[in-house]
>>> print(open('data_18.cif').read())   # mmCIF, C-alpha atoms and all ligand atoms
data_run
#
loop_
_atom_site.group_PDB
_atom_site.id
_atom_site.type_symbol
_atom_site.label_atom_id
_atom_site.label_comp_id
_atom_site.auth_asym_id
_atom_site.auth_seq_id
_atom_site.Cartn_x
_atom_site.Cartn_y
_atom_site.Cartn_z
ATOM 1 C CA MET A 1 -19.668 -17.848 62.409
ATOM 2 C CA THR A 2 -19.914 -20.902 64.646
ATOM 3 C CA THR A 3 -23.648 -20.379 65.195
ATOM 4 C CA ASP A 4 -24.133 -19.800 61.497
ATOM 5 C CA LEU A 5 -22.281 -22.980 60.643
ATOM 6 C CA GLU A 6 -24.316 -24.918 63.193
ATOM 7 C CA ARG A 7 -27.493 -23.708 61.485
ATOM 8 C CA ILE A 8 -26.207 -24.450 57.959
ATOM 9 C CA LYS A 9 -25.114 -27.931 59.059
ATOM 10 C CA LEU A 10 -28.746 -28.752 59.763
ATOM 11 C CA VAL A 11 -30.316 -26.917 56.844
ATOM 12 C CA ALA A 12 -27.868 -28.318 54.285
ATOM 13 C CA GLU A 13 -28.994 -31.859 55.010
ATOM 14 C CA HIS A 14 -32.141 -31.010 53.022
ATOM 15 C CA TRP A 15 -30.251 -29.521 50.069
ATOM 16 C CA LYS A 16 -29.485 -31.234 46.777
ATOM 17 C CA ALA A 17 -25.827 -31.498 45.726
ATOM 18 C CA GLU A 18 -26.242 -28.489 43.405
ATOM 19 C CA GLU A 19 -27.597 -26.356 46.238
ATOM 20 C CA VAL A 20 -24.772 -27.332 48.558
ATOM 21 C CA LEU A 21 -22.210 -26.443 45.903
ATOM 22 C CA ALA A 22 -23.884 -23.135 45.033
ATOM 23 C CA TRP A 23 -23.896 -22.199 48.734
ATOM 24 C CA ALA A 24 -20.213 -23.176 49.056
ATOM 25 C CA PHE A 25 -19.092 -21.051 46.106
ATOM 26 C CA ALA A 26 -21.229 -18.080 47.218
ATOM 27 C CA THR A 27 -19.956 -18.291 50.789
ATOM 28 C CA TYR A 28 -16.264 -19.050 50.334
ATOM 29 C CA GLY A 29 -15.414 -17.833 46.807
ATOM 30 C CA ASP A 30 -11.800 -18.696 45.932
ATOM 31 C CA LYS A 31 -11.204 -20.054 49.424
ATOM 32 C CA VAL A 32 -13.120 -23.248 48.717
ATOM 33 C CA GLU A 33 -11.659 -25.893 46.414
ATOM 34 C CA LEU A 34 -12.620 -29.359 45.282
ATOM 35 C CA ALA A 35 -10.480 -32.308 46.357
ATOM 36 C CA THR A 36 -10.725 -35.412 44.243
ATOM 37 C CA GLY A 37 -9.179 -38.841 44.459
ATOM 38 C CA LEU A 38 -10.258 -39.273 40.821
ATOM 39 C CA GLY A 39 -12.765 -42.023 41.589
ATOM 40 C CA VAL A 40 -16.159 -42.113 39.923
ATOM 41 C CA GLU A 41 -17.774 -40.083 42.747
ATOM 42 C CA GLY A 42 -15.121 -37.395 42.349
ATOM 43 C CA MET A 43 -15.764 -37.245 38.618
ATOM 44 C CA ALA A 44 -19.511 -36.807 39.159
ATOM 45 C CA LEU A 45 -18.929 -34.070 41.734
ATOM 46 C CA LEU A 46 -16.442 -32.300 39.496
ATOM 47 C CA ASP A 47 -18.955 -32.309 36.632
ATOM 48 C CA ILE A 48 -21.729 -30.854 38.809
ATOM 49 C CA ALA A 49 -19.396 -28.272 40.355
ATOM 50 C CA HIS A 50 -18.070 -27.223 36.950
ATOM 51 C CA ARG A 51 -21.630 -26.603 35.698
ATOM 52 C CA ILE A 52 -22.188 -24.249 38.624
ATOM 53 C CA ASN A 53 -18.755 -22.638 38.624
ATOM 54 C CA PRO A 54 -16.551 -23.250 35.545
ATOM 55 C CA ARG A 55 -13.670 -21.621 37.442
ATOM 56 C CA VAL A 56 -13.764 -24.214 40.219
ATOM 57 C CA ASN A 57 -10.294 -25.047 41.546
ATOM 58 C CA VAL A 58 -9.594 -28.760 41.741
ATOM 59 C CA PHE A 59 -6.709 -30.604 43.370
ATOM 60 C CA THR A 60 -5.641 -34.203 43.840
ATOM 61 C CA GLY A 61 -2.948 -35.998 45.777
ATOM 62 C CA ASP A 62 -0.351 -37.423 43.407
ATOM 63 C CA THR A 63 1.507 -40.054 45.426
ATOM 64 C CA GLU A 64 3.607 -40.828 42.321
ATOM 65 C CA PHE A 65 2.296 -44.383 42.661
ATOM 66 C CA LEU A 66 -0.937 -43.961 40.685
ATOM 67 C CA PHE A 67 -2.071 -46.207 37.836
ATOM 68 C CA PRO A 68 -1.297 -45.139 34.232
ATOM 69 C CA GLU A 69 -5.093 -45.120 33.697
ATOM 70 C CA THR A 70 -5.417 -42.555 36.495
ATOM 71 C CA TYR A 71 -2.775 -40.261 35.011
ATOM 72 C CA ASP A 72 -4.521 -40.579 31.660
ATOM 73 C CA LEU A 73 -7.832 -39.659 33.331
ATOM 74 C CA ILE A 74 -6.269 -36.450 34.694
ATOM 75 C CA ASP A 75 -5.287 -35.491 31.131
ATOM 76 C CA ARG A 76 -8.786 -36.272 29.792
ATOM 77 C CA VAL A 77 -10.511 -34.297 32.546
ATOM 78 C CA GLU A 78 -8.254 -31.291 32.051
ATOM 79 C CA GLU A 79 -9.001 -31.320 28.348
ATOM 80 C CA LYS A 80 -12.766 -31.803 28.657
ATOM 81 C CA TYR A 81 -13.332 -29.126 31.292
ATOM 82 C CA GLY A 82 -10.536 -26.729 30.302
ATOM 83 C CA ILE A 83 -9.123 -26.789 33.829
ATOM 84 C CA LYS A 84 -5.780 -27.611 35.401
ATOM 85 C CA ILE A 85 -5.938 -30.099 38.269
ATOM 86 C CA GLU A 86 -3.408 -29.099 40.906
ATOM 87 C CA ARG A 87 -1.308 -32.086 41.997
ATOM 88 C CA LEU A 88 -0.180 -32.300 45.597
ATOM 89 C CA TYR A 89 3.128 -34.088 46.078
ATOM 90 C CA SER A 90 4.989 -35.405 49.073
ATOM 91 C CA ASP A 91 8.155 -33.581 50.090
ATOM 92 C CA LEU A 92 9.848 -36.923 49.539
ATOM 93 C CA THR A 93 10.334 -38.473 46.136
ATOM 94 C CA PRO A 94 9.771 -42.247 46.070
ATOM 95 C CA GLU A 95 13.576 -42.597 46.049
ATOM 96 C CA ASP A 96 13.946 -40.325 49.131
ATOM 97 C CA GLN A 97 11.282 -42.350 50.905
ATOM 98 C CA GLN A 98 13.069 -45.616 50.199
ATOM 99 C CA ARG A 99 16.381 -44.177 51.394
ATOM 100 C CA LEU A 100 14.868 -42.841 54.647
ATOM 101 C CA TYR A 101 12.261 -45.504 55.450
ATOM 102 C CA GLY A 102 13.459 -48.586 53.612
ATOM 103 C CA LYS A 103 12.020 -50.567 50.730
ATOM 104 C CA GLU A 104 8.255 -50.867 50.210
ATOM 105 C CA LEU A 105 7.081 -48.862 53.198
ATOM 106 C CA TRP A 106 3.479 -49.378 52.019
ATOM 107 C CA ALA A 107 3.813 -53.130 52.641
ATOM 108 C CA ARG A 108 5.086 -52.649 56.222
ATOM 109 C CA ASP A 109 3.494 -49.448 57.469
ATOM 110 C CA PRO A 110 0.860 -48.105 55.056
ATOM 111 C CA ASP A 111 -0.297 -45.521 57.631
ATOM 112 C CA GLN A 112 3.114 -43.899 57.567
ATOM 113 C CA CYS A 113 3.331 -44.146 53.784
ATOM 114 C CA CYS A 114 -0.133 -42.550 53.393
ATOM 115 C CA ASP A 115 0.818 -39.891 55.919
ATOM 116 C CA LEU A 116 3.954 -38.961 53.989
ATOM 117 C CA ARG A 117 2.443 -39.117 50.508
ATOM 118 C CA LYS A 118 -1.202 -38.068 51.076
ATOM 119 C CA VAL A 119 -1.996 -36.554 54.462
ATOM 120 C CA GLN A 120 0.934 -34.152 54.847
ATOM 121 C CA PRO A 121 0.596 -32.661 51.334
ATOM 122 C CA LEU A 122 -3.157 -32.296 51.912
ATOM 123 C CA ARG A 123 -2.594 -30.614 55.287
ATOM 124 C CA ARG A 124 -0.318 -28.052 53.646
ATOM 125 C CA LYS A 125 -2.908 -27.365 50.949
ATOM 126 C CA LEU A 126 -5.874 -27.122 53.327
ATOM 127 C CA SER A 127 -4.034 -24.633 55.526
ATOM 128 C CA THR A 128 -4.503 -22.128 52.663
ATOM 129 C CA LEU A 129 -8.307 -22.621 52.389
ATOM 130 C CA ASP A 130 -11.456 -21.845 54.402
ATOM 131 C CA ALA A 131 -13.389 -24.873 53.113
ATOM 132 C CA TRP A 132 -12.880 -27.982 50.995
ATOM 133 C CA MET A 133 -15.313 -30.075 48.983
ATOM 134 C CA THR A 134 -15.094 -33.855 48.777
ATOM 135 C CA ALA A 135 -17.092 -36.595 47.047
ATOM 136 C CA ILE A 136 -17.268 -39.004 49.969
ATOM 137 C CA ARG A 137 -20.565 -40.829 50.600
ATOM 138 C CA ARG A 138 -22.059 -42.253 53.792
ATOM 139 C CA ASP A 139 -22.369 -45.811 52.539
ATOM 140 C CA GLN A 140 -18.713 -46.141 51.481
ATOM 141 C CA THR A 141 -17.167 -47.108 54.840
ATOM 142 C CA ARG A 142 -18.167 -47.290 58.495
ATOM 143 C CA ASN A 143 -16.065 -44.177 59.168
ATOM 144 C CA ARG A 144 -18.116 -42.238 56.636
ATOM 145 C CA ALA A 145 -21.573 -43.347 57.816
ATOM 146 C CA THR A 146 -22.179 -40.211 59.883
ATOM 147 C CA ILE A 147 -20.716 -37.495 57.662
ATOM 148 C CA ARG A 148 -22.752 -34.351 57.117
ATOM 149 C CA LYS A 149 -23.060 -32.399 53.891
ATOM 150 C CA VAL A 150 -21.552 -29.394 55.665
ATOM 151 C CA ASP A 151 -19.456 -29.781 58.793
ATOM 152 C CA TRP A 152 -16.453 -28.488 60.670
ATOM 153 C CA ASP A 153 -13.355 -30.550 59.913
ATOM 154 C CA ALA A 154 -11.551 -30.630 63.251
ATOM 155 C CA LYS A 155 -8.659 -32.611 61.845
ATOM 156 C CA PHE A 156 -7.676 -29.937 59.307
ATOM 157 C CA ASN A 157 -9.394 -26.888 60.844
ATOM 158 C CA LEU A 158 -11.683 -25.751 58.063
ATOM 159 C CA VAL A 159 -15.204 -26.406 56.786
ATOM 160 C CA LYS A 160 -15.706 -29.711 54.990
ATOM 161 C CA ILE A 161 -18.409 -29.965 52.358
ATOM 162 C CA SER A 162 -19.616 -33.343 51.075
ATOM 163 C CA PRO A 163 -22.494 -32.682 48.629
ATOM 164 C CA LEU A 164 -22.834 -36.370 47.668
ATOM 165 C CA ALA A 165 -23.054 -37.601 51.269
ATOM 166 C CA ASP A 166 -26.511 -39.127 50.749
ATOM 167 C CA TRP A 167 -25.946 -40.466 47.214
ATOM 168 C CA ARG A 168 -25.821 -44.197 46.541
ATOM 169 C CA ARG A 169 -23.247 -45.733 44.237
ATOM 170 C CA GLU A 170 -26.012 -46.442 41.684
ATOM 171 C CA SER A 171 -27.005 -42.760 41.539
ATOM 172 C CA VAL A 172 -23.379 -41.790 40.932
ATOM 173 C CA TRP A 173 -23.113 -44.162 37.991
ATOM 174 C CA ARG A 174 -26.490 -43.047 36.617
ATOM 175 C CA TYR A 175 -25.251 -39.448 36.670
ATOM 176 C CA VAL A 176 -21.899 -40.299 35.072
ATOM 177 C CA VAL A 177 -23.461 -42.289 32.239
ATOM 178 C CA LYS A 178 -26.235 -39.742 31.598
ATOM 179 C CA HIS A 179 -23.821 -36.812 31.418
ATOM 180 C CA ASN A 180 -20.998 -38.620 29.651
ATOM 181 C CA VAL A 181 -18.564 -37.850 32.451
ATOM 182 C CA PRO A 182 -15.029 -39.247 31.998
ATOM 183 C CA TYR A 183 -14.041 -41.963 34.473
ATOM 184 C CA ASN A 184 -11.216 -44.381 35.144
ATOM 185 C CA PRO A 185 -11.541 -47.490 32.898
ATOM 186 C CA LEU A 186 -10.264 -49.607 35.811
ATOM 187 C CA HIS A 187 -13.769 -49.256 37.287
ATOM 188 C CA ASP A 188 -14.952 -51.480 34.415
ATOM 189 C CA ARG A 189 -12.336 -54.076 35.348
ATOM 190 C CA ASN A 190 -13.535 -54.766 38.925
ATOM 191 C CA TYR A 191 -11.735 -51.888 40.619
ATOM 192 C CA PRO A 192 -14.616 -50.048 42.364
ATOM 193 C CA SER A 193 -12.138 -48.047 44.473
ATOM 194 C CA ILE A 194 -8.782 -47.005 43.033
ATOM 195 C CA GLY A 195 -5.712 -45.722 44.831
ATOM 196 C CA CYS A 196 -2.015 -46.446 44.440
ATOM 197 C CA THR A 197 -0.785 -49.395 42.369
ATOM 198 C CA HIS A 198 0.896 -50.924 45.431
ATOM 199 C CA CYS A 199 -2.275 -50.930 47.533
ATOM 200 C CA THR A 200 -5.134 -51.573 45.109
ATOM 201 C CA ARG A 201 -6.370 -54.809 43.580
ATOM 202 C CA ALA A 202 -9.491 -55.854 41.710
ATOM 203 C CA VAL A 203 -12.323 -57.158 43.908
ATOM 204 C CA GLN A 204 -13.830 -60.612 43.597
ATOM 205 C CA PRO A 205 -17.576 -61.224 43.151
ATOM 206 C CA GLY A 206 -19.357 -60.670 46.482
ATOM 207 C CA GLU A 207 -16.517 -58.666 48.060
ATOM 208 C CA ASP A 208 -17.049 -55.220 49.531
ATOM 209 C CA ALA A 209 -16.366 -52.330 47.130
ATOM 210 C CA ARG A 210 -13.340 -51.269 49.167
ATOM 211 C CA ALA A 211 -11.954 -54.776 49.738
ATOM 212 C CA GLY A 212 -9.352 -54.107 47.072
ATOM 213 C CA ARG A 213 -7.754 -51.259 49.049
ATOM 214 C CA TRP A 214 -4.894 -52.177 51.435
ATOM 215 C CA SER A 215 -5.846 -55.818 51.112
ATOM 216 C CA GLY A 216 -4.283 -57.747 54.011
ATOM 217 C CA PHE A 217 -4.487 -54.792 56.374
ATOM 218 C CA ARG A 218 -7.357 -53.673 58.583
ATOM 219 C CA LYS A 219 -7.144 -50.299 56.918
ATOM 220 C CA THR A 220 -9.967 -48.779 54.905
ATOM 221 C CA GLU A 221 -8.989 -45.110 54.810
ATOM 222 C CA CYS A 222 -5.835 -43.264 53.847
ATOM 223 C CA GLY A 223 -6.309 -40.834 56.751
ATOM 224 C CA LEU A 224 -7.834 -37.903 54.858
ATOM 225 C CA HIS A 225 -11.379 -38.553 56.052
ATOM 226 C CA THR A 226 -10.820 -39.916 59.552
ATOM 227 C CA GLU A 227 -10.490 -38.084 62.843
ATOM 228 C CA ALA A 228 -7.778 -40.337 64.184
ATOM 229 C CA GLN A 229 -5.180 -42.254 62.278
ATOM 230 C CA PRO A 230 -6.699 -45.495 60.997
ATOM 231 C CA SER A 231 -5.550 -48.809 62.370
ATOM 232 C CA THR A 232 -3.469 -50.946 60.061
ATOM 233 C CA GLU A 233 -3.349 -54.008 62.226
ATOM 234 C CA LEU A 234 -2.103 -56.789 60.028
ATOM 235 C CA VAL A 235 -4.833 -59.356 59.539
ATOM 236 C CA GLN A 236 -2.808 -61.656 57.336
ATOM 237 C CA LEU A 237 0.881 -62.326 57.273
ATOM 238 C CA THR A 238 0.953 -61.896 53.540
ATOM 239 C CA ALA A 239 1.984 -58.487 52.346
ATOM 240 C CA VAL A 240 -0.238 -56.372 50.144
ATOM 241 C CA GLU A 241 -2.028 -58.467 47.569
ATOM 242 C CA GLY A 242 -2.510 -57.577 43.984
ATOM 243 C CA ASP A 243 0.831 -55.800 43.414
HETATM 244 S S1 LIG B 1 -2.082 -46.012 49.244
HETATM 245 FE FE1 LIG B 1 -0.271 -47.319 49.583
HETATM 246 S S2 LIG B 1 1.396 -46.577 48.247
HETATM 247 FE FE2 LIG B 1 -0.277 -45.024 48.313
HETATM 248 S S3 LIG B 1 0.399 -43.603 49.864
HETATM 249 FE FE3 LIG B 1 -0.949 -45.082 50.908
HETATM 250 S S4 LIG B 1 0.375 -46.775 51.628
HETATM 251 FE FE4 LIG B 1 1.573 -45.489 50.182
#
>>> encode(input="data_18.cif", output="structure tokens", more="lines below")
Ligand code: SF4
Amino acid sequence: MTTDLERIKLVAEHWKAEEVLAWAFATYGDKVELATGLGVEGMALLDIAHRINPRVNVFTGDTEFLFPETYDLIDRVEEKYGIKIERLYSDLTPEDQQRLYGKELWARDPDQCCDLRKVQPLRRKLSTLDAWMTAIRRDQTRNRATIRKVDWDAKFNLVKISPLADWRRESVWRYVVKHNVPYNPLHDRNYPSIGCTHCTRAVQPGEDARAGRWSGFRKTECGLHTEAQPSTELVQLTAVEGD
């Protein structure tokens, strides 16, 4: 298995997204599922995956702090594709979290908040699978620059498949427009990357696409796609902007 995966890791780098997905479904069957954060990349990947396997299982982390536009997108996607997106929740309701960790944990310790509301639910879900598919791309963050299309995910102990690893943002949008794929309208209002309401703001002209996430913290990842926990060293004394 290990040798086989080592070989596929190399070969898959030459495959198109469709070929990677077809291999994933043929190899892992019901034990591979698609994770989406409901961004435009995730919508493109879902559309491609659904063409190949209309029974594809899709899940997303619902932190209970998402934008109304994001919840509306879930409804539109479920209707268009005739699927049910599984929502992963924290064990703690927002009220439990406030009682146990104090008010606005995201403004003081976003790593812990992301761990409670995103990473732990994902870890529980991934422990039931052999492989997961994500829409991350190499040019999104420094952490993602070296991702492979197929790789072993040592953090969660399963195979991680990223068919869009070598896509550029422009190719994603070309695909979405051409195929009339639903997407979050916040993308049209200067939100290139969308997470929780507390930790996402619109970007200004010239800013990096992910500058609107955890603004004020040196944090660019929620911890799902990093080996180690990301640093959240405070770079400004202001709390999270854009709330
Ligand atoms: S993005 Fe912000 S509000 Fe959402 S889980 Fe992470 S720290 Fe908490």
>>> resolve_selection(input="data_18.cif", expression="the PyMOL selection byres (((chain A and resi 55-59) around 10) and not hetatm)", output="number ranges by chain")
A: 25, 29-38, 46, 49-54, 60-62, 81-88, 122, 125, 132-133
>>> closest_residue(input="data_18.cif", among="A:Ala22, A:Ala131, A:Ala202, A:Val172", to="Val40 of chain A", atoms="all atoms listed in the file")
A:Val172
>>> closest_residue(input="data_18.cif", among="A:Ala107, A:Leu129, A:Leu158, A:Leu92", to="ligand LIG 1 (chain B)", atoms="all atoms listed in the file")
A:Ala107
>>> closest_atom_pairs(input="data_18.cif", of="chain A", to="ligand LIG 1 (chain B)", cutoff="8 Å", atoms="only C-alpha atoms and all ligand atoms", output="JSON lines")
{"residue": "A:Thr63", "atom": "CA", "partner": "B:LIG1", "partner_atom": "S3", "distance": 5.8}
{"residue": "A:Phe65", "atom": "CA", "partner": "B:LIG1", "partner_atom": "S2", "distance": 6.1}
{"residue": "A:Leu66", "atom": "CA", "partner": "B:LIG1", "partner_atom": "FE2", "distance": 7.7}
{"residue": "A:Leu105", "atom": "CA", "partner": "B:LIG1", "partner_atom": "FE4", "distance": 7.1}
{"residue": "A:Trp106", "atom": "CA", "partner": "B:LIG1", "partner_atom": "S4", "distance": 4.1}
{"residue": "A:Ala107", "atom": "CA", "partner": "B:LIG1", "partner_atom": "S4", "distance": 7.3}
{"residue": "A:Asp109", "atom": "CA", "partner": "B:LIG1", "partner_atom": "S4", "distance": 7.1}
{"residue": "A:Pro110", "atom": "CA", "partner": "B:LIG1", "partner_atom": "S4", "distance": 3.7}
{"residue": "A:Asp111", "atom": "CA", "partner": "B:LIG1", "partner_atom": "S4", "distance": 6.2}
{"residue": "A:Gln112", "atom": "CA", "partner": "B:LIG1", "partner_atom": "S4", "distance": 7.1}
{"residue": "A:Cys113", "atom": "CA", "partner": "B:LIG1", "partner_atom": "FE4", "distance": 4.2}
{"residue": "A:Cys114", "atom": "CA", "partner": "B:LIG1", "partner_atom": "FE3", "distance": 3.6}
{"residue": "A:Asp115", "atom": "CA", "partner": "B:LIG1", "partner_atom": "S3", "distance": 7.1}
{"residue": "A:Leu116", "atom": "CA", "partner": "B:LIG1", "partner_atom": "S3", "distance": 7.2}
{"residue": "A:Arg117", "atom": "CA", "partner": "B:LIG1", "partner_atom": "S3", "distance": 5.0}
{"residue": "A:Lys118", "atom": "CA", "partner": "B:LIG1", "partner_atom": "S3", "distance": 5.9}
{"residue": "A:Gly195", "atom": "CA", "partner": "B:LIG1", "partner_atom": "S1", "distance": 5.7}
{"residue": "A:Cys196", "atom": "CA", "partner": "B:LIG1", "partner_atom": "FE2", "distance": 4.5}
{"residue": "A:Thr197", "atom": "CA", "partner": "B:LIG1", "partner_atom": "S2", "distance": 6.9}
{"residue": "A:His198", "atom": "CA", "partner": "B:LIG1", "partner_atom": "S2", "distance": 5.2}
{"residue": "A:Cys199", "atom": "CA", "partner": "B:LIG1", "partner_atom": "FE1", "distance": 4.6}
{"residue": "A:Thr200", "atom": "CA", "partner": "B:LIG1", "partner_atom": "S1", "distance": 7.6}
{"residue": "A:Arg213", "atom": "CA", "partner": "B:LIG1", "partner_atom": "S1", "distance": 7.7}
{"residue": "A:Trp214", "atom": "CA", "partner": "B:LIG1", "partner_atom": "FE1", "distance": 7.0}
{"residue": "A:Cys222", "atom": "CA", "partner": "B:LIG1", "partner_atom": "FE3", "distance": 6.0}
>>> atom_distance(input="data_18.cif", atom1="atom CA of Asn190 of chain A", atom2="atom CA of Gln204 of chain A")
7.5 Å
>>> closest_residue(input="data_18.cif", among="A:Thr70, A:Gln120, A:Asn157, A:Gln97", to="Pro185 of chain A", atoms="only C-alpha atoms")
A:Thr70
>>> atom_distance(input="data_18.cif", atom1="atom CA of Trp152 of chain A", atom2="atom CA of Leu45 of chain A")
19.9 Å
>>> atom_distance(input="data_18.cif", atom1="atom CA of Arg168 of chain A", atom2="atom CA of Arg137 of chain A")
7.4 Å
>>> closest_residue(input="data_18.cif", among="A:Val150, A:Tyr191, A:Phe156, A:Leu10", to="Thr128 of chain A", atoms="all atoms listed in the file")
A:Phe156
>>> residues_around(input="data_18.cif", residues="Ala12 of chain A", least_positions_apart="5", cutoff="12 Å", atoms="only C-alpha atoms", output="PyMOL selection string")
chain A and resi 4-7+17-24+148-151+161-166
>>> closest_residue(input="data_18.cif", among="A:Arg123, A:Asp72, A:Ala135, A:Glu170", to="Leu186 of chain A", atoms="all atoms listed in the file")
A:Asp72
>>> closest_residue(input="data_18.cif", among="A:Arg108, A:Val11, A:Glu95, A:Pro121", to="Phe217 of chain A", atoms="all atoms listed in the file")
A:Arg108
>>> axis_aligned_box(input="data_18.cif", around="segment 14-27 of chain A", padding_each_side="5 Å", output="JSON")
{"center_x": -25.6, "center_y": -24.8, "center_z": 48.2, "size_x": 23.0, "size_y": 23.4, "size_z": 19.6}
